[in-house]
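Q: Got coords.cif for you, mmCIF, C-alpha atoms and all ligand atoms:
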data_entry
#
loop_
_atom_site.label_atom_id
_atom_site.label_comp_id
_atom_site.auth_asym_id
_atom_site.auth_seq_id
_atom_site.Cartn_x
_atom_site.Cartn_y
_atom_site.Cartn_z
CA MET F 1 18.65 -11.88 -21.99
CA THR F 2 14.84 -11.77 -21.79
CA ALA F 3 13.28 -8.97 -19.78
CA THR F 4 11.60 -9.59 -16.44
CA ILE F 5 8.05 -8.26 -16.68
CA ILE F 6 5.90 -8.20 -13.55
CA LEU F 7 2.15 -7.57 -13.44
CA GLY F 8 1.24 -6.04 -10.05
CA ILE F 9 -2.25 -6.17 -8.52
CA GLU F 10 -3.38 -4.15 -5.48
CA SER F 11 -6.88 -4.49 -3.99
CA SER F 12 -6.39 -4.26 -0.23
CA CYS F 13 -8.92 -1.50 0.46
CA ASP F 14 -11.01 0.66 -1.87
CA ASP F 15 -8.75 1.16 -4.89
CA THR F 16 -8.47 -1.40 -7.67
CA CYS F 17 -4.95 -1.06 -9.07
CA ALA F 18 -2.80 -2.79 -11.69
CA ALA F 19 0.69 -1.96 -12.96
CA VAL F 20 3.28 -3.38 -15.33
CA LEU F 21 6.98 -3.26 -14.52
CA LYS F 22 9.80 -4.16 -16.91
CA ASP F 23 13.23 -4.80 -15.39
CA GLY F 24 12.33 -2.59 -12.43
CA ILE F 25 10.92 0.27 -14.54
CA VAL F 26 7.21 1.13 -14.43
CA LEU F 27 5.55 0.95 -17.84
CA SER F 28 2.00 1.58 -16.61
CA SER F 29 0.08 2.13 -13.38
CA VAL F 30 -3.71 2.27 -13.30
CA ILE F 31 -5.77 3.16 -10.22
CA ALA F 32 -9.58 2.94 -10.13
CA GLY F 33 -11.06 4.59 -7.03
CA GLN F 34 -14.50 3.77 -5.61
CA SER F 35 -16.76 6.79 -5.13
CA VAL F 36 -19.54 4.53 -3.76
CA HIS F 37 -18.10 5.00 -0.22
CA GLU F 38 -18.42 8.78 -0.16
CA ALA F 39 -22.08 8.59 0.85
CA TYR F 40 -21.14 6.55 3.96
CA GLY F 41 -18.22 8.64 5.24
CA GLY F 42 -15.85 5.66 5.15
CA VAL F 43 -15.09 2.43 3.32
CA VAL F 44 -17.91 -0.16 3.40
CA PRO F 45 -16.11 -3.53 3.04
CA GLU F 46 -18.91 -5.36 1.21
CA LEU F 47 -19.30 -2.55 -1.32
CA ALA F 48 -15.52 -2.40 -1.77
CA SER F 49 -15.25 -6.07 -2.72
CA ARG F 50 -18.18 -5.79 -5.14
CA ALA F 51 -16.57 -2.78 -6.85
CA HIS F 52 -13.23 -4.64 -7.08
CA GLN F 53 -15.08 -7.48 -8.88
CA GLN F 54 -16.38 -5.00 -11.43
CA ASN F 55 -13.08 -3.13 -11.83
CA ILE F 56 -10.38 -5.79 -11.78
CA VAL F 57 -10.60 -7.04 -15.40
CA PRO F 58 -10.85 -3.58 -17.05
CA VAL F 59 -8.08 -2.19 -14.80
CA VAL F 60 -5.65 -5.03 -15.58
CA SER F 61 -6.49 -4.84 -19.31
CA GLU F 62 -5.83 -1.11 -19.30
CA ALA F 63 -2.49 -1.54 -17.50
CA ILE F 64 -1.35 -4.14 -20.06
CA LYS F 65 -2.58 -1.98 -22.95
CA ARG F 66 -0.81 1.16 -21.67
CA ALA F 67 2.42 -0.80 -21.13
CA CYS F 68 2.36 -1.86 -24.82
CA ILE F 69 3.41 -5.39 -23.96
CA ASP F 70 2.14 -8.80 -25.02
CA ILE F 71 0.37 -10.64 -22.22
CA ARG F 72 2.54 -13.70 -23.04
CA ASP F 73 5.70 -11.76 -22.11
CA ILE F 74 4.67 -11.36 -18.44
CA SER F 75 7.14 -13.26 -16.23
CA ALA F 76 5.11 -13.35 -12.97
CA VAL F 77 2.10 -11.84 -11.23
CA ALA F 78 2.56 -10.03 -7.90
CA PHE F 79 -0.45 -9.31 -5.71
CA THR F 80 -1.21 -7.85 -2.28
CA LYS F 81 -1.75 -10.64 0.22
CA GLY F 82 -2.48 -8.24 3.11
CA PRO F 83 -2.99 -6.49 5.41
CA GLY F 84 -6.35 -5.22 4.22
CA LEU F 85 -10.04 -6.03 3.92
CA SER F 86 -10.69 -9.74 3.47
CA GLY F 87 -13.23 -9.51 0.64
CA SER F 88 -11.18 -6.88 -1.20
CA LEU F 89 -7.96 -8.89 -0.96
CA LEU F 90 -9.79 -12.02 -2.09
CA VAL F 91 -10.72 -10.40 -5.41
CA GLY F 92 -7.10 -9.49 -6.23
CA ILE F 93 -5.70 -12.81 -5.03
CA SER F 94 -8.30 -14.88 -6.91
CA PHE F 95 -7.66 -12.87 -10.06
CA ALA F 96 -3.90 -13.37 -9.68
CA LYS F 97 -4.37 -17.14 -9.28
CA GLY F 98 -6.50 -17.35 -12.41
CA PHE F 99 -4.05 -15.17 -14.33
CA ALA F 100 -1.08 -17.27 -13.21
CA ILE F 101 -2.76 -20.56 -14.16
CA ALA F 102 -3.98 -19.25 -17.52
CA ASN F 103 -0.55 -17.89 -18.46
CA ASN F 104 1.50 -20.58 -16.75
CA ILE F 105 3.56 -18.06 -14.73
CA PRO F 106 4.58 -17.97 -11.05
CA MET F 107 2.93 -15.85 -8.33
CA LEU F 108 4.55 -13.44 -5.86
CA GLU F 109 2.73 -12.54 -2.64
CA VAL F 110 3.38 -9.01 -1.40
CA ASN F 111 2.88 -7.38 1.98
CA HIS F 112 1.07 -4.06 1.48
CA LEU F 113 3.23 -2.18 4.00
CA GLN F 114 6.46 -3.49 2.53
CA ALA F 115 5.19 -2.34 -0.87
CA HIS F 116 4.64 1.21 0.45
CA LEU F 117 8.26 1.24 1.66
CA LEU F 118 9.65 -0.05 -1.62
CA ALA F 119 7.67 2.62 -3.51
CA ASN F 120 10.84 4.64 -2.86
CA PHE F 121 12.57 2.47 -5.47
CA ILE F 122 10.04 2.92 -8.27
CA GLN F 123 11.69 4.03 -11.49
CA GLU F 124 9.89 5.61 -14.43
CA VAL F 125 10.92 5.98 -18.05
CA GLY F 126 12.61 9.34 -18.58
CA VAL F 127 12.44 10.35 -14.90
CA THR F 128 15.62 10.66 -12.83
CA SER F 129 14.76 9.69 -9.30
CA LYS F 130 16.93 9.38 -6.21
CA HIS F 131 16.51 6.43 -3.92
CA PRO F 132 17.32 6.01 -0.23
CA LYS F 133 20.40 4.10 0.87
CA PHE F 134 20.05 1.22 3.32
CA PRO F 135 19.35 1.36 6.17
CA PHE F 136 16.65 4.01 5.94
CA LEU F 137 13.92 5.01 8.36
CA SER F 138 10.36 5.17 7.08
CA LEU F 139 7.26 6.83 8.50
CA LEU F 140 4.35 4.99 6.94
CA VAL F 141 1.10 6.87 7.44
CA SER F 142 -2.15 5.90 5.75
CA GLY F 143 -5.82 5.27 6.46
CA GLY F 144 -4.98 1.96 8.11
CA ASN F 145 -1.40 2.30 9.37
CA SER F 146 0.96 4.56 11.29
CA GLN F 147 4.31 2.88 11.65
CA LEU F 148 7.99 3.61 11.99
CA ILE F 149 10.08 1.06 10.15
CA VAL F 150 13.81 0.53 9.70
CA VAL F 151 14.38 -0.79 6.19
CA ARG F 152 17.65 -2.73 6.09
CA ASP F 153 17.37 -4.17 2.58
CA TYR F 154 14.73 -4.63 -0.14
CA LEU F 155 13.26 -7.63 1.66
CA LYS F 156 14.47 -7.03 5.22
CA MET F 157 12.74 -4.57 7.53
CA GLU F 158 11.87 -4.09 11.18
CA ILE F 159 8.88 -2.25 12.68
CA ILE F 160 10.14 -0.15 15.59
CA GLY F 161 6.92 1.80 16.32
CA ARG F 162 3.24 1.46 15.50
CA THR F 163 -0.13 2.87 16.43
CA ILE F 164 -1.78 1.18 19.37
CA ASP F 165 -5.26 2.18 18.13
CA ASP F 166 -6.30 4.40 15.18
CA ALA F 167 -4.08 5.35 12.26
CA ALA F 168 -3.21 8.98 11.46
CA GLY F 169 -5.34 8.90 8.30
CA GLU F 170 -8.27 7.62 10.36
CA ALA F 171 -7.84 10.59 12.72
CA PHE F 172 -8.03 12.97 9.75
CA ASP F 173 -11.04 11.13 8.26
CA LYS F 174 -13.02 10.69 11.50
CA CYS F 175 -12.48 14.27 12.70
CA ALA F 176 -13.45 15.51 9.24
CA LYS F 177 -16.65 13.48 9.47
CA VAL F 178 -17.45 15.09 12.83
CA MET F 179 -17.11 18.49 11.13
CA GLY F 180 -19.49 17.38 8.38
CA LEU F 181 -16.74 17.21 5.73
CA PRO F 182 -16.73 14.61 2.92
CA TYR F 183 -14.69 11.38 2.90
CA PRO F 184 -11.72 11.07 2.69
CA GLY F 185 -11.25 13.98 5.06
CA GLY F 186 -7.43 14.21 4.95
CA PRO F 187 -7.10 16.11 1.67
CA VAL F 188 -10.06 18.36 2.59
CA ILE F 189 -8.52 19.29 5.95
CA ASP F 190 -5.16 19.88 4.24
CA LYS F 191 -6.81 22.37 1.87
CA LEU F 192 -8.88 24.16 4.54
CA ALA F 193 -5.86 24.38 6.85
CA LYS F 194 -3.90 26.46 4.36
CA THR F 195 -5.87 29.58 5.32
CA GLY F 196 -6.44 28.67 8.97
CA ASN F 197 -4.65 29.59 12.20
CA SER F 198 -2.96 26.42 13.48
CA GLU F 199 -2.33 27.95 16.94
CA ARG F 200 -5.98 28.88 17.56
CA PHE F 201 -7.13 25.65 19.24
CA ILE F 202 -4.90 23.34 21.27
CA PHE F 203 -5.76 19.64 21.46
CA SER F 204 -4.09 17.33 23.93
CA LYS F 205 -1.41 14.95 22.71
CA PRO F 206 -1.23 11.28 23.76
CA ARG F 207 1.39 10.05 26.18
CA VAL F 208 2.45 6.77 24.64
CA PRO F 209 5.82 5.23 25.54
CA ASP F 210 8.68 4.37 23.18
CA LEU F 211 8.07 4.88 19.48
CA ASP F 212 4.38 3.96 19.40
CA TYR F 213 1.53 6.21 18.35
CA SER F 214 -2.06 6.70 19.50
CA PHE F 215 -4.76 8.75 17.76
CA SER F 216 -8.05 7.57 19.27
CA GLY F 217 -7.82 9.98 22.24
CA LEU F 218 -7.40 12.96 19.91
CA LYS F 219 -10.46 11.91 17.93
CA THR F 220 -12.55 11.64 21.12
CA SER F 221 -11.32 14.92 22.61
CA PHE F 222 -12.00 16.68 19.28
CA LEU F 223 -15.54 15.28 19.30
CA TYR F 224 -16.19 16.41 22.90
CA PHE F 225 -14.64 19.82 22.27
CA LEU F 226 -16.97 20.44 19.31
CA ARG F 227 -20.00 19.09 21.19
CA ASP F 228 -19.38 21.57 24.05
CA GLU F 229 -18.75 24.54 21.75
CA LEU F 230 -21.81 23.76 19.64
CA LYS F 231 -24.04 23.95 22.74
CA ALA F 232 -23.22 27.66 23.10
CA ARG F 233 -22.79 28.48 19.40
CA PRO F 234 -24.61 26.28 16.88
CA ASN F 235 -22.56 27.73 13.99
CA PHE F 236 -19.23 27.14 15.74
CA ILE F 237 -17.92 24.68 13.11
CA THR F 238 -18.77 26.74 10.02
CA GLU F 239 -17.52 29.96 11.63
CA ASN F 240 -14.17 28.38 12.56
CA LEU F 241 -13.71 25.70 9.93
CA ASN F 242 -10.29 26.77 8.65
CA ASP F 243 -8.84 27.32 12.14
CA LEU F 244 -10.24 23.98 13.32
CA ALA F 245 -8.71 22.19 10.31
CA ALA F 246 -5.34 23.92 10.77
CA SER F 247 -5.19 23.29 14.54
CA LEU F 248 -6.21 19.65 14.19
CA GLN F 249 -3.72 19.09 11.38
CA LYS F 250 -0.93 20.71 13.41
CA CYS F 251 -1.68 18.42 16.35
CA ILE F 252 -1.55 15.26 14.16
CA ILE F 253 1.67 16.40 12.44
CA ASP F 254 3.33 17.29 15.78
CA ILE F 255 2.51 13.81 17.10
CA LEU F 256 3.93 12.14 13.98
CA MET F 257 7.06 14.29 13.89
CA ALA F 258 7.95 13.88 17.58
CA LYS F 259 8.32 10.09 17.23
CA LEU F 260 10.00 10.32 13.84
CA VAL F 261 12.69 12.60 15.31
CA LYS F 262 13.03 10.29 18.34
CA ALA F 263 13.41 7.25 16.06
CA SER F 264 16.06 8.98 13.97
CA VAL F 265 18.05 9.90 17.10
CA GLN F 266 17.69 6.40 18.57
CA THR F 267 18.72 4.57 15.39
CA GLY F 268 21.24 7.15 14.17
CA ILE F 269 19.62 6.94 10.70
CA ASN F 270 19.29 10.15 8.68
CA GLN F 271 17.90 8.69 5.44
CA ILE F 272 14.21 9.41 6.00
CA ALA F 273 11.30 8.25 3.82
CA ILE F 274 7.62 8.99 4.28
CA GLY F 275 4.87 7.05 2.55
CA GLY F 276 1.16 6.17 2.61
CA GLY F 277 -1.75 8.47 1.75
CA VAL F 278 -1.11 10.92 4.63
CA SER F 279 2.41 11.57 3.29
CA ALA F 280 0.67 13.73 0.64
CA ASN F 281 -0.21 16.19 3.43
CA SER F 282 1.45 19.52 2.67
CA ALA F 283 2.06 20.44 6.33
CA LEU F 284 3.67 17.06 7.02
CA GLN F 285 5.94 17.44 4.01
CA GLU F 286 6.92 20.96 5.14
CA ALA F 287 7.60 19.71 8.68
CA VAL F 288 9.79 16.86 7.40
CA HIS F 289 11.79 19.20 5.13
CA ARG F 290 12.18 21.74 7.96
CA GLN F 291 13.45 19.03 10.28
CA ALA F 292 15.76 17.76 7.53
CA GLN F 293 17.58 21.10 7.49
CA GLN F 294 17.88 21.04 11.27
CA SER F 295 18.96 17.40 11.59
CA GLY F 296 20.84 16.81 8.33
CA TRP F 297 18.29 14.33 7.01
CA GLU F 298 18.01 13.27 3.40
CA VAL F 299 14.29 12.98 2.67
CA PHE F 300 12.47 10.70 0.22
CA ILE F 301 8.78 11.01 -0.64
CA PRO F 302 7.36 9.05 -3.58
CA ARG F 303 5.31 11.20 -5.94
CA ILE F 304 1.60 11.26 -5.11
CA GLY F 305 0.54 8.47 -7.53
CA PHE F 306 3.05 6.14 -5.83
CA SER F 307 2.50 7.22 -2.21
CA VAL F 308 -1.24 6.40 -2.14
CA ASP F 309 -2.38 2.82 -2.71
CA ASN F 310 -1.10 1.72 -6.13
CA ALA F 311 0.08 -1.42 -7.91
CA ALA F 312 3.46 -0.10 -9.10
CA MET F 313 4.71 -0.50 -5.52
CA VAL F 314 3.36 -4.07 -5.49
CA ALA F 315 5.04 -4.83 -8.81
CA VAL F 316 8.39 -3.38 -7.66
CA THR F 317 8.25 -5.46 -4.44
CA GLY F 318 7.32 -8.48 -6.55
CA TYR F 319 10.31 -7.75 -8.78
CA TYR F 320 12.76 -7.98 -5.87
CA LYS F 321 11.04 -11.16 -4.67
CA TYR F 322 11.29 -12.55 -8.21
CA LEU F 323 15.03 -11.86 -8.25
CA ALA F 324 15.32 -13.58 -4.84
CA GLY F 325 13.24 -16.55 -6.07
CA GLU F 326 10.55 -16.01 -3.40
CA PHE F 327 7.45 -17.38 -5.14
CA CYS F 328 4.21 -18.59 -3.56
CA GLY F 329 1.79 -21.40 -4.32
CA LEU F 330 -1.88 -21.54 -5.26
CA GLU F 331 -2.84 -22.28 -1.64
CA VAL F 332 -2.21 -18.62 -0.68
CA THR F 333 -5.08 -16.84 1.12
CA PRO F 334 -5.66 -13.22 2.27
CA HIS F 335 -3.92 -12.00 5.40
CA THR F 336 -6.09 -9.29 6.90
CA SER F 337 -3.74 -8.05 9.65
O1 LIG F 401 -2.49 4.97 1.59
P1 LIG F 401 -3.89 5.36 1.33
O2 LIG F 401 -4.20 5.92 -0.02
O3 LIG F 401 -4.85 4.15 1.53
C1 LIG F 401 -5.40 3.60 2.67
O4 LIG F 401 -4.81 3.58 3.75
O5 LIG F 401 -6.53 3.11 2.46
O6 LIG F 401 -4.30 6.44 2.46
C2 LIG F 401 -5.55 7.01 2.55
C3 LIG F 401 -5.53 7.99 3.72
C4 LIG F 401 -6.90 8.57 4.06
O7 LIG F 401 -7.07 8.48 5.45
C5 LIG F 401 -6.79 10.02 3.60
O8 LIG F 401 -7.61 10.91 4.34
C6 LIG F 401 -5.32 10.29 3.81
O9 LIG F 401 -4.68 9.11 3.39
N1 LIG F 401 -4.84 11.43 3.01
C7 LIG F 401 -4.44 12.59 3.56
C8 LIG F 401 -4.09 13.46 2.49
N2 LIG F 401 -4.28 12.76 1.32
C9 LIG F 401 -4.74 11.53 1.67
N3 LIG F 401 -4.35 12.97 4.85
C10 LIG F 401 -3.91 14.22 5.09
N4 LIG F 401 -3.59 15.10 4.11
C11 LIG F 401 -3.64 14.77 2.81
N5 LIG F 401 -3.30 15.64 1.87
#
Mind converting the file's structure to structure tokens?
A:
Amino acid sequence: MTATIILGIESSCDDTCAAVLKDGIVLSSVIAGQSVHEAYGGVVPELASRAHQQNIVPVVSEAIKRACIDIRDISAVAFTKGPGLSGSLLVGISFAKGFAIANNIPMLEVNHLQAHLLANFIQEVGVTSKHPKFPFLSLLVSGGNSQLIVVRDYLKMEIIGRTIDDAAGEAFDKCAKVMGLPYPGGPVIDKLAKTGNSERFIFSKPRVPDLDYSFSGLKTSFLYFLRDELKARPNFITENLNDLAASLQKCIIDILMAKLVKASVQTGINQIAIGGGVSANSALQEAVHRQAQQSGWEVFIPRIGFSVDNAAMVAVTGYYKYLAGEFCGLEVTPHTS
């Protein structure tokens, strides 16, 4: 039987990614970040799409080279259709169309969020990994999303909670910006928080019904709090940087955990997965593992290279769509939301 080889392409935001998957096992995964945005404190969409244009061919070539496969053996090309930035998505989609036509292979459109969830099923050569059983509950937290999702099968899932405004990663990044920290602020806050007192400052938590999240109020109250403190003490931020980072981080993690626990109780599901860039946060991981001991959860967190934006998760989602015969046509266009 011939192997099923999927080329995955991810270009929804500011990382140009390509990966090769053979019969469900990752052979290569290449991620090219875009440092151009650092100077602006956030992703600039026009600059992101231009950088994708420059990166896409070398990134795909590198992924194919590292996988040690012949381009003619690729069975299908999977790409992120959305959600994401229109211009960024367009680069990946257009490349996938050209690649599919040139190699006479089918295309598989992939939802970025679904791909983050299926990152829990990525297998690597020589690595024994455990995978969640269906149904599992996933907390998906990134720069653009904060969602609680029940995953019933590889291609069947239901969103049971979502942010009504900003995402958790945005809260990290925007508050970091207010403190004069570089972008992306999440990893910087995580590092600073390690030697800070998380009980020092208390920030108010949103009152949002059901399983939904809200982070815009926290961002605004953090901004006003700093503005008031700075009036009396101009060095307030530098003098309290670690405590501010730790207290802010604790507040964000408490908000995320409260709804995750509520969702687990409501659904009766104790297979818990976390994904998206914010899932790399050390305090969030500790909180989830602590709760797991208390509530009897089994926890799944893809390793860092597969929890941030990557194409291996797109390829693995494409693989399950390939097996289900869910192909798409050349008329496909980006889906930004
Ligand atoms: O999934 P991801 O790589 O891509 C986008 O959503 O674009 O997530 C990026 C987000 C950023 O907001 C970043 O600040 C956050 O993930 N992030 C973290 C950490 N590492 C990345 N937030 C908190 N702690 C971290 N260690």
Q: Could you make a table, as CSV, of the residues of chain F that have an atom within 8 Å of an atom of ligand LIG 401 (chain F), each with its nearest atom pair and distance in Å to one decimal, counting only C-alpha atoms and all ligand atoms, in chain and number order?
A:
residue,atom,partner,partner_atom,distance
F:Ser12,CA,F:LIG401,O5,7.8
F:Cys13,CA,F:LIG401,O5,5.6
F:Asp14,CA,F:LIG401,O5,6.7
F:Asp15,CA,F:LIG401,O5,7.9
F:Val141,CA,F:LIG401,O1,7.1
F:Ser142,CA,F:LIG401,O6,4.0
F:Gly143,CA,F:LIG401,O4,3.3
F:Gly144,CA,F:LIG401,O4,4.7
F:Asn145,CA,F:LIG401,O4,6.7
F:Ala168,CA,F:LIG401,O7,7.2
F:Gly169,CA,F:LIG401,O7,3.4
F:Glu170,CA,F:LIG401,O7,5.1
F:Ala171,CA,F:LIG401,O7,7.6
F:Phe172,CA,F:LIG401,O8,5.8
F:Asp173,CA,F:LIG401,O8,5.2
F:Tyr183,CA,F:LIG401,O8,7.2
F:Pro184,CA,F:LIG401,O8,4.4
F:Gly185,CA,F:LIG401,O8,4.8
F:Gly186,CA,F:LIG401,N3,3.3
F:Pro187,CA,F:LIG401,N5,3.8
F:Val188,CA,F:LIG401,N5,7.3
F:Ile189,CA,F:LIG401,N4,6.7
F:Asp190,CA,F:LIG401,N4,5.0
F:Lys191,CA,F:LIG401,N5,7.6
F:Gln249,CA,F:LIG401,C10,8.0
F:Gly275,CA,F:LIG401,O1,7.7
F:Gly276,CA,F:LIG401,O1,4.0
F:Gly277,CA,F:LIG401,O6,3.3
F:Val278,CA,F:LIG401,N3,3.8
F:Ser279,CA,F:LIG401,C8,6.8
F:Ala280,CA,F:LIG401,N5,4.6
F:Asn281,CA,F:LIG401,N5,3.5
F:Ser282,CA,F:LIG401,N5,6.2
F:Ser307,CA,F:LIG401,O1,6.7
F:Val308,CA,F:LIG401,O2,3.7
F:Asp309,CA,F:LIG401,O2,4.5
Q: List the spatial neighbours of stretch 196-206 of chain F as a list in words - criterion: any atom at most 6 Å away, all atoms listed in the file, same-chain residues fewer than 6 positions off excluded.
A: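 Result of the neighbour search: Asn242, Asp243, Ala246 and Ser247 of chain F.
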Q: Taking all atoms listed in the file into account, which of F:Asn310, F:Gln53, F:Thr163, F:Ser94 comes nearest F:Tyr213?
A: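 Among F:Asn310, F:Gln53, F:Thr163, F:Ser94, it is F:Thr163 that comes nearest to F:Tyr213.
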Q: Counting all atoms listed in the file, which residue out of F:Ala96, F:Ala263, F:Ala63, F:Leu330 sits closest to F:Ile159?
A: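 So, comparing all the options, the nearest one is F:Ala263.
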Q: From the options F:Leu137, F:Ala18, F:Ile93, F:Ala48, which residue's atoms come nearest to F:Lys65, counting only C-alpha atoms?
A: F:Ala18
Q: So, counting all atoms listed in the file, which residue among F:His335, F:Ile237, F:His289, F:Tyr320 is closest to F:Lys156?
A: F:Tyr320
Q: Would you compute the distance between atom CA of F:Met313 and atom CA of F:Lys81? Give it in Å to one decimal.
A: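 Separating atom CA of F:Met313 from atom CA of F:Lys81 is a distance of 13.3 Å.
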Q: Which residues are near F:Gly8? Cut-off 7 Å, all atoms listed in the file, ignore same chain within fewer than 6 positions. Put them as a PyMOL selection string.
A: chain F and resi 18-20+77-79+311-312+314-315
Q: Write the residues of the selection above to a file with C-alpha atoms, as a compact mmCIF listing (two decimals), keeping the file's coordinate frame.
A:
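And here's again.txt as it stands now:
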# COMPACT_ATOMS: atom_id res chain seq x y z
CA ALA F 18 -2.80 -2.79 -11.69
CA ALA F 19 0.69 -1.96 -12.96
CA VAL F 20 3.28 -3.38 -15.33
CA VAL F 77 2.10 -11.84 -11.23
CA ALA F 78 2.56 -10.03 -7.90
CA PHE F 79 -0.45 -9.31 -5.71
CA ALA F 311 0.08 -1.42 -7.91
CA ALA F 312 3.46 -0.10 -9.10
CA VAL F 314 3.36 -4.07 -5.49
CA ALA F 315 5.04 -4.83 -8.81
Q: With all atoms listed in the file as the basis for distance, which of F:Val91, F:Ile160, F:Ala3, F:Val43 is at the shortest distance from F:Gln266?
A: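 Checking each candidate against F:Gln266, we get F:Ile160 as the closest.
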Q: Which residue is closest to F:Met179? Choose from F:Ser216, F:Asn235, F:Asn55, F:Ser29 and count all atoms listed in the file.
A: F:Asn235
Q: Go ahead and compute the interatomic distance for atom CA of F:Asn120 and atom CA of F:Ala273, in Å to one decimal.
A: 7.6 Å
Q: Select, counting all atoms listed in the file, all protein, DNA and RNA residues no farther than 6 Å from (15.8, -1.9, 6.8) in file coordinates, and express the selection as an MDAnalysis selection string.
A: chainID F and resid 135 150:153 156:157
Q: Please list, as a ChimeraX atom specification, the residues that have an atom at most 10 Å away from (4.5, 19.5, 10.4) in the coordinates of this file, counting all atoms listed in the file.
A: /F:249-258,281-291
Q: Just give me the gap between atom CA of F:Cys68 and atom CA of F:His112 in Å, one decimal is fine.
A: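 About the pair atom CA of F:Cys68 and atom CA of F:His112: they are 26.4 Å apart.
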Q: Complete the atom set of stretch 15-33 of chain F to N, CA and C atoms and return it as a PDB file, in the coordinates of the input.
A:
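Listed below is the output, selection_38.pdb:
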ATOM      1  N   ASP F  15      -9.262   0.813  -3.575  1.00  0.00           N
ATOM      2  CA  ASP F  15      -8.750   1.160  -4.890  1.00  0.00           C
ATOM      3  C   ASP F  15      -8.377  -0.118  -5.624  1.00  0.00           C
ATOM      4  N   THR F  16      -8.856  -0.244  -6.864  1.00  0.00           N
ATOM      5  CA  THR F  16      -8.470  -1.400  -7.670  1.00  0.00           C
ATOM      6  C   THR F  16      -7.313  -0.933  -8.548  1.00  0.00           C
ATOM      7  N   CYS F  17      -6.138  -1.571  -8.383  1.00  0.00           N
ATOM      8  CA  CYS F  17      -4.950  -1.060  -9.070  1.00  0.00           C
ATOM      9  C   CYS F  17      -4.213  -2.193  -9.798  1.00  0.00           C
ATOM     10  N   ALA F  18      -3.655  -1.851 -10.955  1.00  0.00           N
ATOM     11  CA  ALA F  18      -2.800  -2.790 -11.690  1.00  0.00           C
ATOM     12  C   ALA F  18      -1.655  -1.999 -12.300  1.00  0.00           C
ATOM     13  N   ALA F  19      -0.474  -2.636 -12.383  1.00  0.00           N
ATOM     14  CA  ALA F  19       0.690  -1.960 -12.960  1.00  0.00           C
ATOM     15  C   ALA F  19       1.565  -2.987 -13.657  1.00  0.00           C
ATOM     16  N   VAL F  20       2.325  -2.511 -14.634  1.00  0.00           N
ATOM     17  CA  VAL F  20       3.280  -3.380 -15.330  1.00  0.00           C
ATOM     18  C   VAL F  20       4.671  -2.789 -15.156  1.00  0.00           C
ATOM     19  N   LEU F  21       5.601  -3.665 -14.802  1.00  0.00           N
ATOM     20  CA  LEU F  21       6.980  -3.260 -14.520  1.00  0.00           C
ATOM     21  C   LEU F  21       7.918  -4.081 -15.389  1.00  0.00           C
ATOM     22  N   LYS F  22       8.838  -3.421 -16.075  1.00  0.00           N
ATOM     23  CA  LYS F  22       9.800  -4.160 -16.910  1.00  0.00           C
ATOM     24  C   LYS F  22      11.207  -3.899 -16.392  1.00  0.00           C
ATOM     25  N   ASP F  23      11.878  -4.929 -15.952  1.00  0.00           N
ATOM     26  CA  ASP F  23      13.230  -4.800 -15.390  1.00  0.00           C
ATOM     27  C   ASP F  23      13.322  -3.672 -14.365  1.00  0.00           C
ATOM     28  N   GLY F  24      12.320  -3.578 -13.511  1.00  0.00           N
ATOM     29  CA  GLY F  24      12.330  -2.590 -12.430  1.00  0.00           C
ATOM     30  C   GLY F  24      11.786  -1.223 -12.820  1.00  0.00           C
ATOM     31  N   ILE F  25      11.420  -1.047 -14.095  1.00  0.00           N
ATOM     32  CA  ILE F  25      10.920   0.270 -14.540  1.00  0.00           C
ATOM     33  C   ILE F  25       9.420   0.186 -14.819  1.00  0.00           C
ATOM     34  N   VAL F  26       8.666   1.149 -14.278  1.00  0.00           N
ATOM     35  CA  VAL F  26       7.210   1.130 -14.430  1.00  0.00           C
ATOM     36  C   VAL F  26       6.820   1.511 -15.860  1.00  0.00           C
ATOM     37  N   LEU F  27       6.039   0.637 -16.494  1.00  0.00           N
ATOM     38  CA  LEU F  27       5.550   0.950 -17.840  1.00  0.00           C
ATOM     39  C   LEU F  27       4.122   1.502 -17.774  1.00  0.00           C
ATOM     40  N   SER F  28       3.367   1.074 -16.765  1.00  0.00           N
ATOM     41  CA  SER F  28       2.000   1.580 -16.610  1.00  0.00           C
ATOM     42  C   SER F  28       1.549   1.390 -15.173  1.00  0.00           C
ATOM     43  N   SER F  29       0.653   2.267 -14.727  1.00  0.00           N
ATOM     44  CA  SER F  29       0.080   2.130 -13.380  1.00  0.00           C
ATOM     45  C   SER F  29      -1.330   2.713 -13.434  1.00  0.00           C
ATOM     46  N   VAL F  30      -2.304   1.853 -13.194  1.00  0.00           N
ATOM     47  CA  VAL F  30      -3.710   2.270 -13.300  1.00  0.00           C
ATOM     48  C   VAL F  30      -4.366   2.140 -11.926  1.00  0.00           C
ATOM     49  N   ILE F  31      -5.084   3.178 -11.512  1.00  0.00           N
ATOM     50  CA  ILE F  31      -5.770   3.160 -10.220  1.00  0.00           C
ATOM     51  C   ILE F  31      -7.239   3.512 -10.455  1.00  0.00           C
ATOM     52  N   ALA F  32      -8.146   2.618 -10.031  1.00  0.00           N
ATOM     53  CA  ALA F  32      -9.580   2.940 -10.130  1.00  0.00           C
ATOM     54  C   ALA F  32     -10.119   3.096  -8.717  1.00  0.00           C
ATOM     55  N   GLY F  33     -10.503   4.316  -8.354  1.00  0.00           N
ATOM     56  CA  GLY F  33     -11.060   4.590  -7.030  1.00  0.00           C
ATOM     57  C   GLY F  33     -12.520   4.135  -6.974  1.00  0.00           C
TER      58      GLY F  33
END
